[in-house]
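**Student:** Got a structure for you, data_33.csv, holding CSV, C-alpha atoms.
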```csv
chain,number,residue,atom,x,y,z
A,1,MET,CA,99.1,32.5,-36.0
A,2,LYS,CA,99.4,29.2,-34.0
A,3,ARG,CA,96.8,30.4,-31.5
A,4,LEU,CA,94.4,31.1,-34.4
A,5,ALA,CA,94.9,27.6,-35.8
A,6,VAL,CA,94.1,26.1,-32.3
A,7,ILE,CA,91.0,28.3,-32.1
A,8,LEU,CA,89.9,27.3,-35.6
A,9,ALA,CA,90.5,23.6,-34.9
A,10,GLY,CA,88.6,23.7,-31.7
A,11,SER,CA,85.6,25.6,-33.1
A,12,THR,CA,85.4,23.4,-36.2
A,13,LEU,CA,85.4,20.2,-34.1
A,14,ALA,CA,83.4,21.6,-31.2
A,15,MET,CA,80.6,22.5,-33.6
A,16,SER,CA,80.5,18.9,-34.8
A,17,GLY,CA,79.8,17.7,-31.3
A,18,TYR,CA,76.6,19.8,-30.9
A,19,ALA,CA,74.7,19.1,-34.1
A,20,ALA,CA,76.0,15.6,-34.5
A,21,ASN,CA,74.4,12.4,-35.7
A,22,TRP,CA,77.0,10.0,-34.3
A,23,LEU,CA,77.1,6.4,-35.6
A,24,GLU,CA,79.2,3.9,-33.6
A,25,VAL,CA,81.4,2.1,-36.0
A,26,SER,CA,83.7,0.0,-33.9
A,27,LYS,CA,85.1,-0.8,-30.5
A,28,SER,CA,88.8,-1.6,-29.9
A,29,GLN,CA,90.2,-4.4,-27.9
A,30,THR,CA,91.2,-1.8,-25.3
A,31,GLY,CA,87.6,-0.5,-25.0
A,32,SER,CA,87.8,2.7,-27.0
A,33,VAL,CA,84.7,3.4,-29.0
A,34,PHE,CA,85.0,4.9,-32.5
A,35,SER,CA,82.1,6.8,-34.1
A,36,LEU,CA,81.6,9.1,-37.1
A,37,ASP,CA,79.2,12.0,-37.4
A,38,LEU,CA,76.9,11.3,-40.4
A,39,ASP,CA,75.9,14.9,-40.6
A,40,SER,CA,79.5,16.1,-41.0
A,41,ILE,CA,80.2,14.0,-44.1
A,42,GLU,CA,80.5,16.2,-47.2
A,43,ARG,CA,82.4,16.6,-50.4
A,44,SER,CA,85.7,18.4,-49.8
A,45,ASP,CA,86.9,21.3,-51.9
A,46,ILE,CA,90.5,20.6,-51.0
A,47,HIS,CA,92.4,19.5,-54.1
A,48,ILE,CA,95.3,17.1,-54.0
A,49,ILE,CA,97.9,18.4,-56.4
A,50,ASP,CA,99.0,15.0,-57.8
A,51,GLU,CA,95.4,13.6,-58.1
A,52,LYS,CA,93.0,14.8,-60.8
A,53,GLU,CA,89.3,14.0,-60.9
A,54,VAL,CA,89.2,12.4,-57.4
A,55,GLU,CA,86.4,13.3,-55.1
A,56,ASN,CA,87.5,13.5,-51.5
A,57,ILE,CA,85.2,13.9,-48.5
A,58,THR,CA,85.6,15.3,-45.0
A,59,VAL,CA,84.2,13.7,-41.8
A,60,SER,CA,84.3,14.2,-38.1
A,61,ILE,CA,85.4,11.2,-36.1
A,62,ARG,CA,85.1,10.7,-32.3
A,63,ARG,CA,87.1,8.3,-30.2
A,64,ILE,CA,85.9,7.8,-26.6
A,65,TYR,CA,88.5,6.3,-24.4
A,66,PRO,CA,87.8,3.8,-21.6
A,67,ALA,CA,87.8,5.0,-18.0
A,68,PRO,CA,91.1,4.5,-16.3
A,69,LYS,CA,91.0,1.1,-14.7
A,70,SER,CA,93.7,1.7,-12.1
A,71,VAL,CA,91.6,4.4,-10.4
A,72,LYS,CA,88.5,2.3,-10.3
A,73,GLU,CA,90.3,-0.7,-8.9
A,74,ASN,CA,92.2,1.4,-6.3
A,75,ALA,CA,89.0,3.2,-5.3
A,76,GLU,CA,87.7,0.1,-3.7
A,77,ALA,CA,90.9,-0.6,-1.8
A,78,LYS,CA,91.6,2.9,-0.5
A,79,GLU,CA,89.6,5.3,1.6
A,80,ALA,CA,86.7,6.9,-0.3
A,81,LYS,CA,87.9,10.5,0.1
A,82,GLU,CA,91.4,9.7,-1.2
A,83,ALA,CA,90.0,7.7,-4.1
A,84,LYS,CA,87.6,10.5,-5.0
A,85,GLU,CA,90.5,13.0,-5.1
A,86,LYS,CA,92.6,10.8,-7.4
A,87,LEU,CA,89.6,10.2,-9.7
A,88,LYS,CA,89.0,14.0,-9.8
A,89,ASP,CA,92.7,14.6,-10.7
A,90,ILE,CA,92.7,12.0,-13.4
A,91,LYS,CA,89.4,13.1,-14.9
A,92,GLY,CA,90.8,16.6,-15.3
A,93,THR,CA,94.1,15.5,-17.0
A,94,SER,CA,93.4,12.3,-18.9
A,95,THR,CA,91.8,12.2,-22.3
A,96,HIS,CA,88.1,11.2,-22.2
A,97,HIS,CA,87.4,11.6,-25.9
A,98,SER,CA,89.0,13.0,-29.0
A,99,ASP,CA,87.2,14.7,-32.0
A,100,GLN,CA,89.1,14.5,-35.2
A,101,GLN,CA,88.5,15.8,-38.8
A,102,TRP,CA,89.6,13.5,-41.6
A,103,LEU,CA,90.0,14.2,-45.3
A,104,ILE,CA,89.2,10.8,-47.0
A,105,SER,CA,89.9,9.4,-50.4
A,106,CYS,CA,87.3,6.7,-51.1
A,107,LYS,CA,89.3,5.7,-54.2
A,108,ASP,CA,92.0,4.0,-52.2
A,109,ALA,CA,90.6,3.9,-48.6
A,110,SER,CA,93.2,6.5,-47.4
A,111,TYR,CA,92.8,9.5,-45.1
A,112,TYR,CA,94.6,12.6,-43.9
A,113,GLN,CA,94.0,13.9,-40.4
A,114,ARG,CA,93.3,17.6,-40.7
A,115,ALA,CA,92.7,18.4,-37.0
A,116,TYR,CA,91.9,17.0,-33.6
A,117,VAL,CA,90.8,18.2,-30.2
A,118,ASN,CA,91.3,16.1,-27.0
A,119,TYR,CA,88.9,16.6,-24.2
A,120,ALA,CA,88.8,15.7,-20.5
A,121,ALA,CA,85.7,14.1,-19.0
A,122,ASP,CA,84.4,17.6,-18.1
A,123,ASP,CA,84.8,18.7,-21.8
A,124,LYS,CA,87.8,20.8,-20.9
A,125,VAL,CA,90.1,21.0,-24.0
A,126,LEU,CA,93.4,19.3,-23.1
A,127,LYS,CA,95.1,19.5,-26.5
A,128,SER,CA,94.3,20.6,-30.0
A,129,TRP,CA,96.1,20.6,-33.4
A,130,GLN,CA,95.3,21.6,-36.9
A,131,SER,CA,97.3,20.9,-40.0
A,132,ASP,CA,99.1,23.9,-41.4
A,133,LYS,CA,99.9,22.3,-44.7
A,134,PRO,CA,98.6,24.6,-47.5
A,135,ILE,CA,99.1,22.0,-50.2
A,136,LEU,CA,98.5,18.2,-50.0
A,137,THR,CA,99.7,15.3,-52.1
A,138,THR,CA,98.7,11.7,-52.1
A,139,LYS,CA,101.9,11.0,-50.0
A,140,ASP,CA,100.3,12.9,-47.1
A,141,PHE,CA,97.5,10.4,-46.9
A,142,LYS,CA,97.7,7.3,-44.8
A,143,LEU,CA,96.5,4.1,-46.5
A,144,THR,CA,94.3,2.0,-44.3
A,145,LYS,CA,94.8,-1.8,-44.0
A,146,PRO,CA,92.0,-4.3,-44.3
A,147,LYS,CA,90.3,-5.4,-41.0
A,148,THR,CA,91.4,-2.3,-39.1
A,149,ILE,CA,89.3,0.3,-37.3
A,150,SER,CA,90.6,3.1,-39.6
A,151,ARG,CA,89.5,1.0,-42.6
A,152,LEU,CA,86.1,0.5,-41.1
A,153,LEU,CA,85.7,4.2,-40.4
A,154,VAL,CA,86.8,5.1,-44.0
A,155,GLU,CA,84.5,2.5,-45.5
A,156,GLN,CA,81.5,3.6,-43.4
A,157,ALA,CA,82.1,7.3,-44.3
A,158,CYS,CA,82.4,6.5,-48.0
A,159,LYS,CA,79.3,4.3,-47.9
A,160,SER,CA,77.3,7.0,-46.0
A,161,TYR,CA,78.4,9.7,-48.5
A,162,GLN,CA,77.4,7.6,-51.5
A,163,GLN,CA,74.0,6.8,-50.0
A,164,ALA,CA,73.3,10.5,-49.3
A,165,LYS,CA,74.4,11.6,-52.8
```
Take the structure from the file and write it as structure tokens.
**Tutor:**
Amino acid sequence: MKRLAVILAGSTLAMSGYAANWLEVSKSQTGSVFSLDLDSIERSDIHIIDEKEVENITVSIRRIYPAPKSVKENAEAKEAKEAKEKLKDIKGTSTHHSDQQWLISCKDASYYQRAYVNYAADDKVLKSWQSDKPILTTKDFKLTKPKTISRLLVEQACKSYQQAK
């Protein structure tokens, strides 16, 4: 069953990467770039048991991580062949980008992460996860704080959904 969940999470998020309309929303202080797929925003049919008459939406989010600095800096100081080997090793094991699927409540600017897939630079899947919760409550949602990247992502998704409605 767990294997099926991993396959479903990967296929759901992998499909969002191909027919995507990515909008860059923010860049963190560490250099990560956060985007959302405008084509993935849609009304969710998932009902929250302690909320009535609330329209939730789903959206695909992408985080692209900055390249590892230590390898770049060390590449200049060491022999070219040795540096290339290390860069190859790191590219294959460190996360280059992460695709996530969020369930968003525009009512209170909160979200629930439904799934994610972490990829290496060569698009090899490093790790994936999908929620196995059959029933959600408002307590499962994470409230975003003002002036944070998660709030910007939620607000942009809600704004794009309202405009497309």
**Student:** Considering all atoms listed in the file, state which residue in the set A:Lys124, A:Ser98, A:Leu136, A:Phe141 is at the smallest distance from Tyr112 in chain A.
**Tutor:**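 Closest residue, counting all atoms listed in the file: A:Phe141.
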**Student:** Between CA of Ile135 in chain A and CA of Ile48 in chain A, what is the spacing in Å?
**Tutor:**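 Rounded to one decimal, the two atoms are 7.3 Å apart.
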**Student:** Work out how far CA of Ile61 in chain A is from CA of Leu153 in chain A, in Å to one decimal.
**Tutor:**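 CA of Ile61 in chain A lies at a distance of 8.2 Å from CA of Leu153 in chain A.
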**Student:** So that I can check the surroundings of range 57-60 of chain A, please list as a PyMOL selection string every protein, DNA and RNA residue that reaches within 10 Å of it, counting only C-alpha atoms and ignoring chain neighbours fewer than 3 positions away.
**Tutor:** chain A and resi 12-13+16-17+20+22+35-46+54+99-106+111-116+153-154+157-158+161
**Student:** Which value, in Å to one decimal, gives the distance between CA of Gly31 in chain A and CA of Asp108 in chain A?
**Tutor:**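 Here the two named atoms are 27.9 Å from each other.
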**Student:** I'd like the neighbourhood of Gln29 in chain A as a list in words, where a residue qualifies if any of its atoms comes within 12 Å (using all atoms listed in the file), though same-chain residues fewer than 3 positions away should be ignored.
**Tutor:**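 Listed by chain and then number, they are Ser26, Ser32, Val33, Phe34, Tyr65, Pro66, Thr148 and Ile149 of chain A.
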**Student:** Which is closest to Leu126 in chain A among A:Thr138, A:Ser150, A:Gln156, A:Ser94, if we use only C-alpha atoms?
**Tutor:** A:Ser94
**Student:** For Lys27 in chain A, which residue out of A:Leu152, A:Val125, A:Ile49, A:Gln163 is the nearest one, using all atoms listed in the file?
**Tutor:**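 Ranked by minimum distance to Lys27 in chain A, first place goes to A:Leu152.
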